[in-house]
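Structure data (TSV, C-alpha atoms and all ligand atoms) from model_4.tsv:
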```tsv
chain	number	residue	atom	x	y	z
A	1016	MET	CA	1.09	-90.78	10.59
A	1017	SER	CA	1.67	-94.27	12.06
A	1018	GLN	CA	3.28	-94.56	15.46
A	1019	THR	CA	6.53	-95.98	13.99
A	1020	ASN	CA	6.75	-93.06	11.53
A	1021	THR	CA	6.27	-90.60	14.37
A	1022	GLU	CA	8.91	-92.32	16.50
A	1023	ASP	CA	11.38	-92.34	13.57
A	1024	LEU	CA	10.78	-88.65	12.94
A	1025	VAL	CA	11.21	-87.75	16.60
A	1026	ARG	CA	14.52	-89.66	16.66
A	1027	GLU	CA	15.70	-87.93	13.50
A	1028	ILE	CA	14.71	-84.48	14.80
A	1029	ARG	CA	16.58	-85.09	18.06
A	1030	ARG	CA	19.68	-86.35	16.21
A	1031	LEU	CA	19.76	-83.38	13.82
A	1032	ARG	CA	19.10	-80.96	16.68
A	1033	ASP	CA	22.09	-82.34	18.63
A	1034	GLU	CA	24.42	-82.61	15.60
A	1035	LYS	CA	23.71	-79.04	14.53
A	1036	ASN	CA	23.59	-77.51	18.02
A	1037	ALA	CA	20.00	-76.37	17.59
A	1038	VAL	CA	17.30	-75.60	20.13
A	1039	ILE	CA	13.59	-76.10	19.46
A	1040	LEU	CA	11.33	-73.38	20.89
A	1041	GLY	CA	7.58	-74.00	20.81
A	1042	HIS	CA	4.63	-71.75	21.51
A	1043	ASN	CA	1.89	-73.04	23.80
A	1044	TYR	CA	-0.55	-73.26	20.83
A	1045	GLN	CA	1.48	-75.83	18.89
A	1046	ILE	CA	-0.05	-79.21	18.08
A	1047	PRO	CA	0.62	-81.87	20.77
A	1048	GLU	CA	3.41	-83.76	18.95
A	1049	VAL	CA	5.30	-80.51	18.32
A	1050	GLN	CA	4.84	-79.46	21.95
A	1051	ASP	CA	6.31	-82.83	22.94
A	1052	ILE	CA	9.46	-82.35	20.84
A	1053	ALA	CA	10.14	-78.75	21.93
A	1054	ASP	CA	13.07	-78.07	24.28
A	1055	TYR	CA	11.17	-75.10	25.68
A	1056	LEU	CA	7.48	-74.27	25.54
A	1057	GLY	CA	6.19	-70.86	26.47
A	1058	ASP	CA	4.31	-67.66	25.80
A	1059	SER	CA	5.66	-64.88	23.58
A	1060	LEU	CA	7.57	-63.19	26.41
A	1061	GLU	CA	9.12	-66.39	27.77
A	1062	LEU	CA	10.18	-67.51	24.29
A	1063	SER	CA	11.78	-64.13	23.44
A	1064	ARG	CA	13.78	-64.33	26.67
A	1065	LYS	CA	14.85	-67.89	25.78
A	1066	ALA	CA	15.86	-66.78	22.28
A	1067	ALA	CA	17.99	-63.99	23.76
A	1068	ASP	CA	19.73	-66.35	26.22
A	1069	THR	CA	20.33	-69.53	24.28
A	1070	ASP	CA	23.84	-70.86	23.53
A	1071	ALA	CA	22.56	-72.88	20.57
A	1072	GLU	CA	23.66	-71.81	17.08
A	1073	ILE	CA	20.30	-72.52	15.49
A	1074	ILE	CA	16.81	-71.73	16.78
A	1075	VAL	CA	13.98	-73.76	15.26
A	1076	PHE	CA	10.94	-71.67	16.08
A	1077	CYS	CA	7.68	-73.62	16.23
A	1078	GLY	CA	5.19	-70.79	16.24
A	1079	VAL	CA	4.26	-68.00	13.84
A	1080	HIS	CA	6.38	-65.57	11.83
A	1081	PHE	CA	6.45	-62.58	14.21
A	1082	MET	CA	7.72	-64.85	16.99
A	1083	ALA	CA	10.58	-66.21	14.87
A	1084	GLU	CA	11.35	-62.66	13.75
A	1085	THR	CA	11.53	-61.50	17.39
A	1086	ALA	CA	13.94	-64.37	18.11
A	1087	LYS	CA	16.11	-63.22	15.19
A	1088	LEU	CA	16.06	-59.63	16.46
A	1089	LEU	CA	17.34	-60.78	19.83
A	1090	SER	CA	19.84	-63.30	18.45
A	1091	PRO	CA	21.00	-61.66	15.21
A	1092	ASP	CA	24.07	-63.89	14.84
A	1093	LYS	CA	22.06	-67.09	15.12
A	1094	THR	CA	20.22	-68.93	12.40
A	1095	VAL	CA	16.48	-68.79	13.08
A	1096	LEU	CA	14.28	-71.26	11.20
A	1097	LEU	CA	10.49	-71.20	10.86
A	1098	PRO	CA	9.46	-74.70	9.65
A	1099	ASP	CA	6.58	-73.31	7.52
A	1100	ALA	CA	7.24	-69.96	5.84
A	1101	SER	CA	3.52	-69.27	5.52
A	1102	ALA	CA	2.77	-69.53	9.26
A	1103	GLY	CA	1.82	-65.91	9.88
A	1104	CYS	CA	-0.42	-64.02	12.29
A	1105	PRO	CA	-3.26	-62.23	10.47
A	1106	MET	CA	-3.57	-59.76	13.33
A	1107	ALA	CA	0.08	-58.74	12.94
A	1108	ASP	CA	-0.71	-57.82	9.33
A	1109	MET	CA	-3.50	-55.44	10.40
A	1110	VAL	CA	-0.99	-52.65	11.03
A	1111	THR	CA	1.86	-51.50	8.78
A	1112	PRO	CA	4.45	-48.72	9.21
A	1113	GLU	CA	2.50	-46.69	6.62
A	1114	THR	CA	-0.91	-46.94	8.31
A	1115	LEU	CA	0.74	-46.34	11.69
A	1116	GLU	CA	2.41	-43.19	10.37
A	1117	GLU	CA	-1.00	-41.65	9.61
A	1118	VAL	CA	-2.15	-42.13	13.20
A	1119	LYS	CA	1.17	-40.88	14.60
A	1120	GLN	CA	0.67	-37.68	12.63
A	1121	GLN	CA	-2.78	-37.22	14.14
A	1122	HIS	CA	-1.24	-37.58	17.65
A	1123	PRO	CA	2.18	-35.92	17.52
A	1124	GLY	CA	4.54	-36.90	20.33
A	1125	VAL	CA	2.30	-39.71	21.62
A	1126	PRO	CA	4.35	-42.91	22.15
A	1127	VAL	CA	3.43	-46.09	20.28
A	1128	VAL	CA	3.24	-49.43	22.09
A	1129	ALA	CA	3.42	-52.31	19.62
A	1130	TYR	CA	2.09	-55.68	20.70
A	1131	VAL	CA	4.77	-58.26	19.91
A	1132	ASN	CA	2.25	-59.61	17.34
A	1133	THR	CA	3.55	-57.12	14.72
A	1134	SER	CA	6.14	-57.23	11.93
A	1135	ALA	CA	9.71	-56.05	12.55
A	1136	ALA	CA	8.94	-53.07	10.29
A	1137	THR	CA	6.03	-52.00	12.52
A	1138	LYS	CA	8.14	-52.54	15.64
A	1139	ALA	CA	10.80	-50.31	14.05
A	1140	ALA	CA	8.18	-47.56	13.72
A	1141	SER	CA	7.10	-47.94	17.38
A	1142	ASP	CA	8.60	-46.87	20.71
A	1143	ILE	CA	8.28	-49.99	22.81
A	1144	CYS	CA	6.94	-53.50	22.49
A	1145	CYS	CA	4.73	-55.50	24.85
A	1146	THR	CA	3.24	-58.97	25.13
A	1147	SER	CA	0.00	-60.04	26.75
A	1148	ALA	CA	2.03	-60.90	29.87
A	1149	ASN	CA	3.36	-57.38	30.46
A	1150	ALA	CA	1.10	-54.98	28.48
A	1151	VAL	CA	-0.19	-53.07	31.55
A	1152	GLN	CA	3.29	-52.81	33.06
A	1153	ILE	CA	4.76	-51.50	29.79
A	1154	VAL	CA	2.05	-48.87	29.31
A	1155	GLU	CA	2.43	-47.79	32.94
A	1156	SER	CA	6.22	-47.49	32.50
A	1157	LEU	CA	5.80	-44.70	29.94
A	1158	ASP	CA	6.09	-41.07	30.94
A	1159	ALA	CA	3.03	-40.02	28.90
A	1160	GLU	CA	-0.66	-39.43	29.53
A	1161	GLU	CA	-1.69	-40.89	26.17
A	1162	VAL	CA	-0.48	-43.99	24.34
A	1163	ILE	CA	-1.15	-45.36	20.84
A	1164	PHE	CA	-1.62	-49.13	21.15
A	1165	VAL	CA	-1.39	-51.42	18.08
A	1166	PRO	CA	-2.85	-53.63	16.73
A	1167	ASP	CA	-5.18	-55.56	19.07
A	1168	ARG	CA	-8.17	-53.50	20.19
A	1169	HIS	CA	-9.15	-56.16	22.74
A	1170	LEU	CA	-5.76	-56.33	24.46
A	1171	GLY	CA	-5.64	-52.53	24.27
A	1172	GLY	CA	-9.14	-52.34	25.78
A	1173	TRP	CA	-8.08	-54.66	28.59
A	1174	VAL	CA	-5.10	-52.40	29.33
A	1175	GLN	CA	-7.44	-49.38	29.29
A	1176	GLU	CA	-9.51	-51.00	32.06
A	1177	GLN	CA	-6.39	-51.05	34.27
A	1178	THR	CA	-4.71	-47.69	33.65
A	1179	ASP	CA	-5.57	-44.01	33.96
A	1180	LYS	CA	-3.64	-43.23	30.78
A	1181	LYS	CA	-5.71	-42.73	27.64
A	1182	ILE	CA	-5.22	-45.60	25.22
A	1183	ILE	CA	-5.70	-44.74	21.54
A	1184	LEU	CA	-6.89	-48.04	20.17
A	1185	TRP	CA	-6.21	-49.59	16.76
A	1186	ASP	CA	-8.89	-51.60	15.01
A	1187	GLY	CA	-7.06	-54.97	14.91
A	1188	TYR	CA	-8.22	-58.25	16.40
A	1189	CYS	CA	-7.39	-61.95	16.49
A	1190	ALA	CA	-9.85	-63.96	14.41
A	1191	THR	CA	-9.28	-66.99	16.66
A	1192	HIS	CA	-9.96	-65.22	19.95
A	1193	VAL	CA	-13.01	-63.30	18.74
A	1194	ARG	CA	-14.62	-66.69	18.08
A	1195	ILE	CA	-14.72	-67.02	21.85
A	1196	SER	CA	-18.03	-65.29	22.51
A	1197	PRO	CA	-20.28	-65.00	25.56
A	1198	GLU	CA	-22.27	-67.86	23.97
A	1199	THR	CA	-19.36	-70.28	23.42
A	1200	SER	CA	-17.70	-69.55	26.77
A	1201	GLY	CA	-21.09	-69.47	28.52
A	1202	ASP	CA	-21.83	-72.83	26.91
A	1203	ALA	CA	-18.64	-74.27	28.41
A	1204	ARG	CA	-19.56	-72.78	31.81
A	1205	ASP	CA	-23.07	-74.26	31.62
A	1206	LYS	CA	-21.65	-77.70	30.84
A	1207	HIS	CA	-19.12	-77.46	33.69
A	1208	PRO	CA	-20.81	-75.36	36.40
A	1209	ASP	CA	-18.04	-75.97	38.97
A	1210	ALA	CA	-15.26	-74.94	36.59
A	1211	VAL	CA	-13.22	-71.75	36.76
A	1212	VAL	CA	-13.00	-69.89	33.45
A	1213	ILE	CA	-9.66	-68.42	32.34
A	1214	VAL	CA	-9.39	-66.35	29.16
A	1215	HIS	CA	-6.70	-64.61	27.10
A	1216	PRO	CA	-6.82	-60.78	26.92
A	1217	GLU	CA	-7.31	-61.04	23.13
A	1218	THR	CA	-10.90	-62.14	23.84
A	1219	PRO	CA	-13.66	-59.49	23.63
A	1220	ALA	CA	-14.58	-57.42	26.73
A	1221	GLU	CA	-17.93	-59.18	27.19
A	1222	VAL	CA	-16.09	-62.52	27.49
A	1223	ARG	CA	-13.38	-61.18	29.81
A	1224	ARG	CA	-16.02	-59.65	32.08
A	1225	HIS	CA	-17.45	-63.07	32.96
A	1226	ALA	CA	-14.10	-64.83	33.38
A	1227	ASP	CA	-12.43	-65.73	36.67
A	1228	ALA	CA	-9.00	-64.67	35.35
A	1229	VAL	CA	-7.56	-62.94	32.26
A	1230	LEU	CA	-4.09	-64.30	31.53
A	1231	SER	CA	-1.33	-64.66	28.96
A	1232	THR	CA	-0.70	-68.28	27.99
A	1233	GLY	CA	2.27	-68.35	30.40
A	1234	GLY	CA	-0.01	-66.98	33.12
A	1235	MET	CA	-2.45	-69.82	32.37
A	1236	VAL	CA	0.30	-72.38	32.97
A	1237	ARG	CA	0.96	-70.94	36.44
A	1238	TYR	CA	-2.75	-70.50	37.25
A	1239	ALA	CA	-3.53	-74.10	36.26
A	1240	ARG	CA	-0.82	-75.36	38.61
A	1241	GLU	CA	-1.96	-73.23	41.54
A	1242	THR	CA	-5.77	-73.31	41.36
A	1243	GLU	CA	-7.71	-75.49	43.76
A	1244	ALA	CA	-10.41	-75.94	41.09
A	1245	LYS	CA	-10.66	-79.38	39.56
A	1246	ASP	CA	-12.23	-78.17	36.31
A	1247	VAL	CA	-10.92	-75.32	34.21
A	1248	VAL	CA	-12.45	-73.84	31.03
A	1249	VAL	CA	-9.58	-72.60	28.84
A	1250	GLY	CA	-10.62	-69.51	26.87
A	1251	THR	CA	-7.87	-69.41	24.32
A	1252	GLU	CA	-6.50	-71.46	21.44
A	1253	TYR	CA	-7.51	-75.13	21.53
A	1254	ASP	CA	-4.10	-76.80	22.01
A	1255	MET	CA	-3.24	-74.72	25.08
A	1256	ALA	CA	-5.32	-77.29	26.97
A	1257	TYR	CA	-2.97	-80.09	25.88
A	1258	ARG	CA	-0.06	-78.60	27.86
A	1259	LEU	CA	-2.26	-77.75	30.84
A	1260	GLN	CA	-3.71	-81.27	30.94
A	1261	LYS	CA	-0.30	-82.93	30.60
A	1262	GLU	CA	1.17	-80.87	33.45
A	1263	ASN	CA	-1.88	-81.20	35.73
A	1264	PRO	CA	-3.27	-84.74	35.32
A	1265	ASP	CA	-5.39	-84.43	38.47
A	1266	LYS	CA	-7.48	-81.61	36.92
A	1267	THR	CA	-9.67	-81.46	33.80
A	1268	PHE	CA	-9.28	-78.76	31.15
A	1269	HIS	CA	-12.13	-77.91	28.78
A	1270	THR	CA	-11.59	-76.21	25.43
A	1271	ILE	CA	-13.91	-73.74	23.71
A	1272	ARG	CA	-15.54	-74.70	20.45
A	1273	GLY	CA	-13.97	-73.16	17.33
A	1274	ALA	CA	-10.95	-71.50	18.96
A	1275	VAL	CA	-8.26	-72.80	16.61
A	1276	CYS	CA	-5.39	-70.77	15.14
A	1277	PRO	CA	-4.85	-72.29	11.67
A	1278	ASN	CA	-1.39	-70.75	11.37
A	1279	MET	CA	-0.11	-72.35	14.57
A	1280	LYS	CA	-1.30	-75.72	13.20
A	1281	LYS	CA	0.92	-75.41	10.11
A	1282	ILE	CA	3.99	-76.56	12.05
A	1283	THR	CA	4.16	-80.36	11.97
A	1284	LEU	CA	6.83	-82.95	12.82
A	1285	PRO	CA	7.72	-83.64	9.14
A	1286	LYS	CA	8.22	-79.87	8.64
A	1287	VAL	CA	10.39	-79.58	11.76
A	1288	ALA	CA	12.56	-82.44	10.45
A	1289	GLU	CA	12.74	-80.85	6.99
A	1290	ALA	CA	13.66	-77.49	8.55
A	1291	LEU	CA	16.66	-79.07	10.26
A	1292	ARG	CA	17.67	-81.16	7.21
A	1293	LYS	CA	17.50	-78.28	4.72
A	1294	MET	CA	18.04	-75.37	7.13
A	1295	GLN	CA	14.77	-73.75	6.11
A	1296	TYR	CA	13.05	-71.27	6.26
A	1297	ARG	CA	15.63	-68.78	7.42
A	1298	ILE	CA	14.39	-65.53	8.97
A	1299	GLU	CA	16.22	-62.52	7.51
A	1300	ILE	CA	15.48	-58.90	8.45
A	1301	ASP	CA	16.69	-55.77	6.71
A	1302	PRO	CA	19.56	-54.57	8.98
A	1303	GLU	CA	18.31	-50.99	9.22
A	1304	ILE	CA	14.81	-52.13	10.26
A	1305	ALA	CA	16.31	-54.76	12.57
A	1306	ASP	CA	18.35	-52.20	14.53
A	1307	ARG	CA	15.30	-50.04	15.29
A	1308	ALA	CA	12.99	-53.00	15.94
A	1309	ARG	CA	15.55	-54.56	18.31
A	1310	THR	CA	15.61	-51.39	20.40
A	1311	THR	CA	11.80	-51.56	20.70
A	1312	VAL	CA	11.95	-55.18	21.93
A	1313	GLU	CA	14.93	-54.59	24.22
A	1314	ARG	CA	13.14	-51.64	25.83
A	1315	MET	CA	10.29	-54.02	26.64
A	1316	LEU	CA	12.63	-56.62	28.17
A	1317	ALA	CA	14.29	-53.91	30.29
A	1318	ALA	CA	10.92	-52.54	31.48
A	1319	SER	CA	9.23	-55.84	32.36
A	1320	THR	CA	9.92	-57.99	35.40
B	1	LIG	P1	0.89	-65.27	24.53
B	1	LIG	O1	2.03	-64.30	24.54
B	1	LIG	O2	-0.03	-65.10	25.70
B	1	LIG	O3	1.40	-66.68	24.44
B	1	LIG	O4	-0.02	-64.98	23.28
B	1	LIG	C1	0.44	-65.05	21.97
B	1	LIG	C2	-0.63	-65.06	20.99
B	1	LIG	O5	-0.42	-65.02	19.81
B	1	LIG	C3	-1.98	-65.12	21.49
B	1	LIG	O6	-2.84	-65.31	20.44
B	2	LIG	FE1	-2.16	-64.42	15.80
B	2	LIG	FE2	-4.46	-65.03	16.96
B	2	LIG	FE3	-2.94	-66.98	15.99
B	2	LIG	FE4	-2.21	-65.62	18.21
B	2	LIG	S1	-3.99	-66.98	17.95
B	2	LIG	S2	-0.92	-66.15	16.47
B	2	LIG	S3	-2.96	-63.56	17.69
B	2	LIG	S4	-3.93	-65.35	14.79
```

Represent the structure of the file as structure tokens.
Amino acid sequence: MSQTNTEDLVREIRRLRDEKNAVILGHNYQIPEVQDIADYLGDSLELSRKAADTDAEIIVFCGVHFMAETAKLLSPDKTVLLPDASAGCPMADMVTPETLEEVKQQHPGVPVVAYVNTSAATKAASDICCTSANAVQIVESLDAEEVIFVPDRHLGGWVQEQTDKKIILWDGYCATHVRISPETSGDARDKHPDAVVIVHPETPAEVRRHADAVLSTGGMVRYARETEAKDVVVGTEYDMAYRLQKENPDKTFHTIRGAVCPNMKKITLPKVAEALRKMQYRIEIDPEIADRARTTVERMLAAST
């Protein structure tokens, strides 16, 4: 896209946003030009709080489907638009209410913690939700010795390292974060020996073990601001580094080879403009599922600081 085209699109998006009383929420993994147009950027927890609080009538969610669905759960009377209907999260599809039911039957009475990276239907079949920012706190808040944790086995494993409760793990994983291996992150460390290494808890245990900090993407934003280090290796999705670099021009952020989430990259400026022009693609949730899933998300918001 030429610079004039981009500028025209940005102007049009801003005009439509203001005319229609819309707000643009963007996840930290969005491509740079989408990050630049967002009214609010954040991690899953920060964006769900924003979605619950906004006065706007329309939420344009620049992220993946489960995030837009969570926004709709928390703002049921608002119109929530996902600019590309196919922007999903493969990990969220690794658990369904049916497969979860089998495990619940094997562990009667054991509460289910659903990572926010799940469908509304799976949330409806769970007891409480969590994000990477509050997973340990949520598990600790439960009055139970055992917890079923779905779907990410790496995030669940990271929680297990920090609690005495027994975590019954699911076999899900994020294909983007498992590409961050001891070799790729070690490579980045070798190239930048003075750098600190920060990683997302969706990375495998052997990567987390060698990191200086394990953080949600919102946690990375705060860490990047506060660290004295001048070089930081960012062990998560590639475009996270764009935000960190923009906000901390005096430091240098290094990405890890291959860590790209193709679904996050599906949201582009032309699709954001088209979403506002045509009011597409609207998130709708079966009301019966929505009521139960909302309770699961609201319990999380009440239990996390
Ligand atoms: P955060 O909640 O840390 O932003 O993570 C969301 C996600 O999908 C990570 O892959
Ligand atoms: Fe899902 Fe992984 Fe993409 Fe996050 S980075 S949205 S967990 S596929």

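The shortest atom-to-atom distance to Ala1140 in chain A, with only C-alpha atoms taken into account, belongs to A:Pro1112 out of A:Pro1112, A:Arg1029, A:Lys1119, A:Leu1157.
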
So, counting all atoms listed in the file, which residue among A:Asp1058, A:Glu1217, A:Asp1227, A:Asp1301 is closest to Met1255 in chain A?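 Counting all atoms listed in the file, the residue closest to Met1255 in chain A is A:Asp1058.
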
Could you produce a table of the residues of chain A lying within 6 Å of ligand LIG 2 (chain B), with the nearest pair of atoms per residue and their separation in Å rounded to one decimal, using all atoms listed in the file, ordered by chain and increasing residue number, as JSON lines?
```
{"residue": "A:Cys1104", "atom": "CA", "partner": "B:LIG2", "partner_atom": "FE1", "distance": 3.9}
{"residue": "A:Pro1105", "atom": "CA", "partner": "B:LIG2", "partner_atom": "S4", "distance": 5.4}
{"residue": "A:Met1106", "atom": "CA", "partner": "B:LIG2", "partner_atom": "FE1", "distance": 5.5}
{"residue": "A:Cys1189", "atom": "CA", "partner": "B:LIG2", "partner_atom": "FE2", "distance": 4.3}
{"residue": "A:Thr1191", "atom": "CA", "partner": "B:LIG2", "partner_atom": "FE2", "distance": 5.2}
{"residue": "A:Cys1276", "atom": "CA", "partner": "B:LIG2", "partner_atom": "FE3", "distance": 4.6}
```

Step by step, gather every atom of ligand LIG 1 (chain B) that the file lists, find the box along x, y and z that holds them, add 4 Å on each side, and finally give centre and edge lengths in Å to one decimal, as lines of an AutoDock Vina configuration file.
```
center_x = -0.4
center_y = -65.5
center_z = 22.8
size_x = 12.9
size_y = 10.4
size_z = 13.9
```

Which residues, written as a PDB file with C-alpha atoms, in the coordinates of the input, have at least one atom at most 12 Å from Met1315 in chain A, with all atoms listed in the file counted and residues fewer than 5 positions away on the same chain left out?
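What ended up in part_39.pdb:
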```pdb
ATOM      1  CA  LEU A1060       7.570 -63.190  26.410  1.00  0.00           C
ATOM      2  CA  SER A1063      11.780 -64.130  23.440  1.00  0.00           C
ATOM      3  CA  ARG A1064      13.780 -64.330  26.670  1.00  0.00           C
ATOM      4  CA  THR A1085      11.530 -61.500  17.390  1.00  0.00           C
ATOM      5  CA  LEU A1089      17.340 -60.780  19.830  1.00  0.00           C
ATOM      6  CA  VAL A1128       3.240 -49.430  22.090  1.00  0.00           C
ATOM      7  CA  ALA A1129       3.420 -52.310  19.620  1.00  0.00           C
ATOM      8  CA  TYR A1130       2.090 -55.680  20.700  1.00  0.00           C
ATOM      9  CA  VAL A1131       4.770 -58.260  19.910  1.00  0.00           C
ATOM     10  CA  LYS A1138       8.140 -52.540  15.640  1.00  0.00           C
ATOM     11  CA  SER A1141       7.100 -47.940  17.380  1.00  0.00           C
ATOM     12  CA  ASP A1142       8.600 -46.870  20.710  1.00  0.00           C
ATOM     13  CA  ILE A1143       8.280 -49.990  22.810  1.00  0.00           C
ATOM     14  CA  CYS A1144       6.940 -53.500  22.490  1.00  0.00           C
ATOM     15  CA  CYS A1145       4.730 -55.500  24.850  1.00  0.00           C
ATOM     16  CA  THR A1146       3.240 -58.970  25.130  1.00  0.00           C
ATOM     17  CA  SER A1147       0.000 -60.040  26.750  1.00  0.00           C
ATOM     18  CA  ALA A1148       2.030 -60.900  29.870  1.00  0.00           C
ATOM     19  CA  ASN A1149       3.360 -57.380  30.460  1.00  0.00           C
ATOM     20  CA  ALA A1150       1.100 -54.980  28.480  1.00  0.00           C
ATOM     21  CA  VAL A1151      -0.190 -53.070  31.550  1.00  0.00           C
ATOM     22  CA  GLN A1152       3.290 -52.810  33.060  1.00  0.00           C
ATOM     23  CA  ILE A1153       4.760 -51.500  29.790  1.00  0.00           C
ATOM     24  CA  VAL A1154       2.050 -48.870  29.310  1.00  0.00           C
ATOM     25  CA  GLU A1155       2.430 -47.790  32.940  1.00  0.00           C
ATOM     26  CA  SER A1156       6.220 -47.490  32.500  1.00  0.00           C
ATOM     27  CA  LEU A1157       5.800 -44.700  29.940  1.00  0.00           C
ATOM     28  CA  ALA A1308      12.990 -53.000  15.940  1.00  0.00           C
ATOM     29  CA  ARG A1309      15.550 -54.560  18.310  1.00  0.00           C
ATOM     30  CA  THR A1310      15.610 -51.390  20.400  1.00  0.00           C
ATOM     31  CA  THR A1320       9.920 -57.990  35.400  1.00  0.00           C
TER      32      THR A1320
END
```

Close residues, Glu1084 in chain A itself excluded, 10 Å, all atoms listed in the file, min 5 positions apart in chain, as a list in words: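 The residues satisfying every condition are Ser1063, Phe1076, Val1079, Leu1089, Ser1090, Pro1091, Val1095, Leu1096, Leu1097, Thr1133, Ser1134, Ala1135, Arg1297, Ile1298, Glu1299, Ile1300 and Ala1305 of chain A.
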
Counting all atoms listed in the file, figure out which residue out of A:Ile1304, A:Pro1047, A:Ala1290, A:His1269 gets nearest to Arg1032 in chain A.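 Closest residue, counting all atoms listed in the file: A:Ala1290.
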
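The shortest atom-to-atom distance to Glu1113 in chain A, with all atoms listed in the file taken into account, belongs to A:Ala1136 out of A:Leu1284, A:Gly1172, A:Ile1046, A:Ala1136.
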
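Taking CA of Val1049 in chain A and CA of Val1247 in chain A as endpoints, the distance between them is 23.3 Å.
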
Could you tell me, as a PyMOL selection string, which residues have any atom at most 10 Å from (-8.8, -63.1, 34.9), counting all atoms listed in the file? chain A and resi 1211-1216+1223-1231+1234-1235+1238

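Distance-wise, CA of Glu1034 in chain A and CA of Thr1283 in chain A end up 20.7 Å apart.
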
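Distances from A:Val1165, A:Val1193, A:Leu1184, A:Ala1037 to ligand LIG 1 (chain B) were compared using all atoms listed in the file, and the smallest one belongs to A:Val1193.
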
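For the set A:Arg1030, A:His1042, A:Lys1035, A:Arg1194, the residue with the smallest atom-to-atom gap to Gly1233 in chain A is A:His1042, counting all atoms listed in the file.
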
d(CA of Tyr1296 in chain A, CA of Ile1039 in chain A) in Å: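 So the two atoms, CA of Tyr1296 in chain A and CA of Ile1039 in chain A, lie 14.1 Å apart.
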
Point (-1.3, -40.8, 26.8), cut-off 6 Å, counting only C-alpha atoms, residues as a VMD selection string: chain A and resid 1159 to 1162 1180 to 1181

Selection from above, C-alpha atoms, as an mmCIF file, in the coordinates of the input, can you write it?
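Okay, part_20.cif is ready:
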```
data_model
loop_
_atom_site.group_PDB
_atom_site.id
_atom_site.type_symbol
_atom_site.label_atom_id
_atom_site.label_comp_id
_atom_site.auth_asym_id
_atom_site.auth_seq_id
_atom_site.Cartn_x
_atom_site.Cartn_y
_atom_site.Cartn_z
ATOM 1 C CA ALA A 1159 3.030 -40.020 28.900
ATOM 2 C CA GLU A 1160 -0.660 -39.430 29.530
ATOM 3 C CA GLU A 1161 -1.690 -40.890 26.170
ATOM 4 C CA VAL A 1162 -0.480 -43.990 24.340
ATOM 5 C CA LYS A 1180 -3.640 -43.230 30.780
ATOM 6 C CA LYS A 1181 -5.710 -42.730 27.640
#
```

Quick one: everything within 9 Å of Arg1168 in chain A, counting all atoms listed in the file, minus sequence neighbours fewer than 5 positions away in the same chain. Send it as a PDB file with C-alpha atoms, in the frame of the given file.
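Saved as selection-v4.pdb:
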```pdb
ATOM      1  CA  TRP A1173      -8.080 -54.660  28.590  1.00  0.00           C
ATOM      2  CA  LEU A1184      -6.890 -48.040  20.170  1.00  0.00           C
ATOM      3  CA  TRP A1185      -6.210 -49.590  16.760  1.00  0.00           C
ATOM      4  CA  ASP A1186      -8.890 -51.600  15.010  1.00  0.00           C
ATOM      5  CA  GLY A1187      -7.060 -54.970  14.910  1.00  0.00           C
ATOM      6  CA  TYR A1188      -8.220 -58.250  16.400  1.00  0.00           C
ATOM      7  CA  GLU A1217      -7.310 -61.040  23.130  1.00  0.00           C
ATOM      8  CA  PRO A1219     -13.660 -59.490  23.630  1.00  0.00           C
TER       9      PRO A1219
END
```
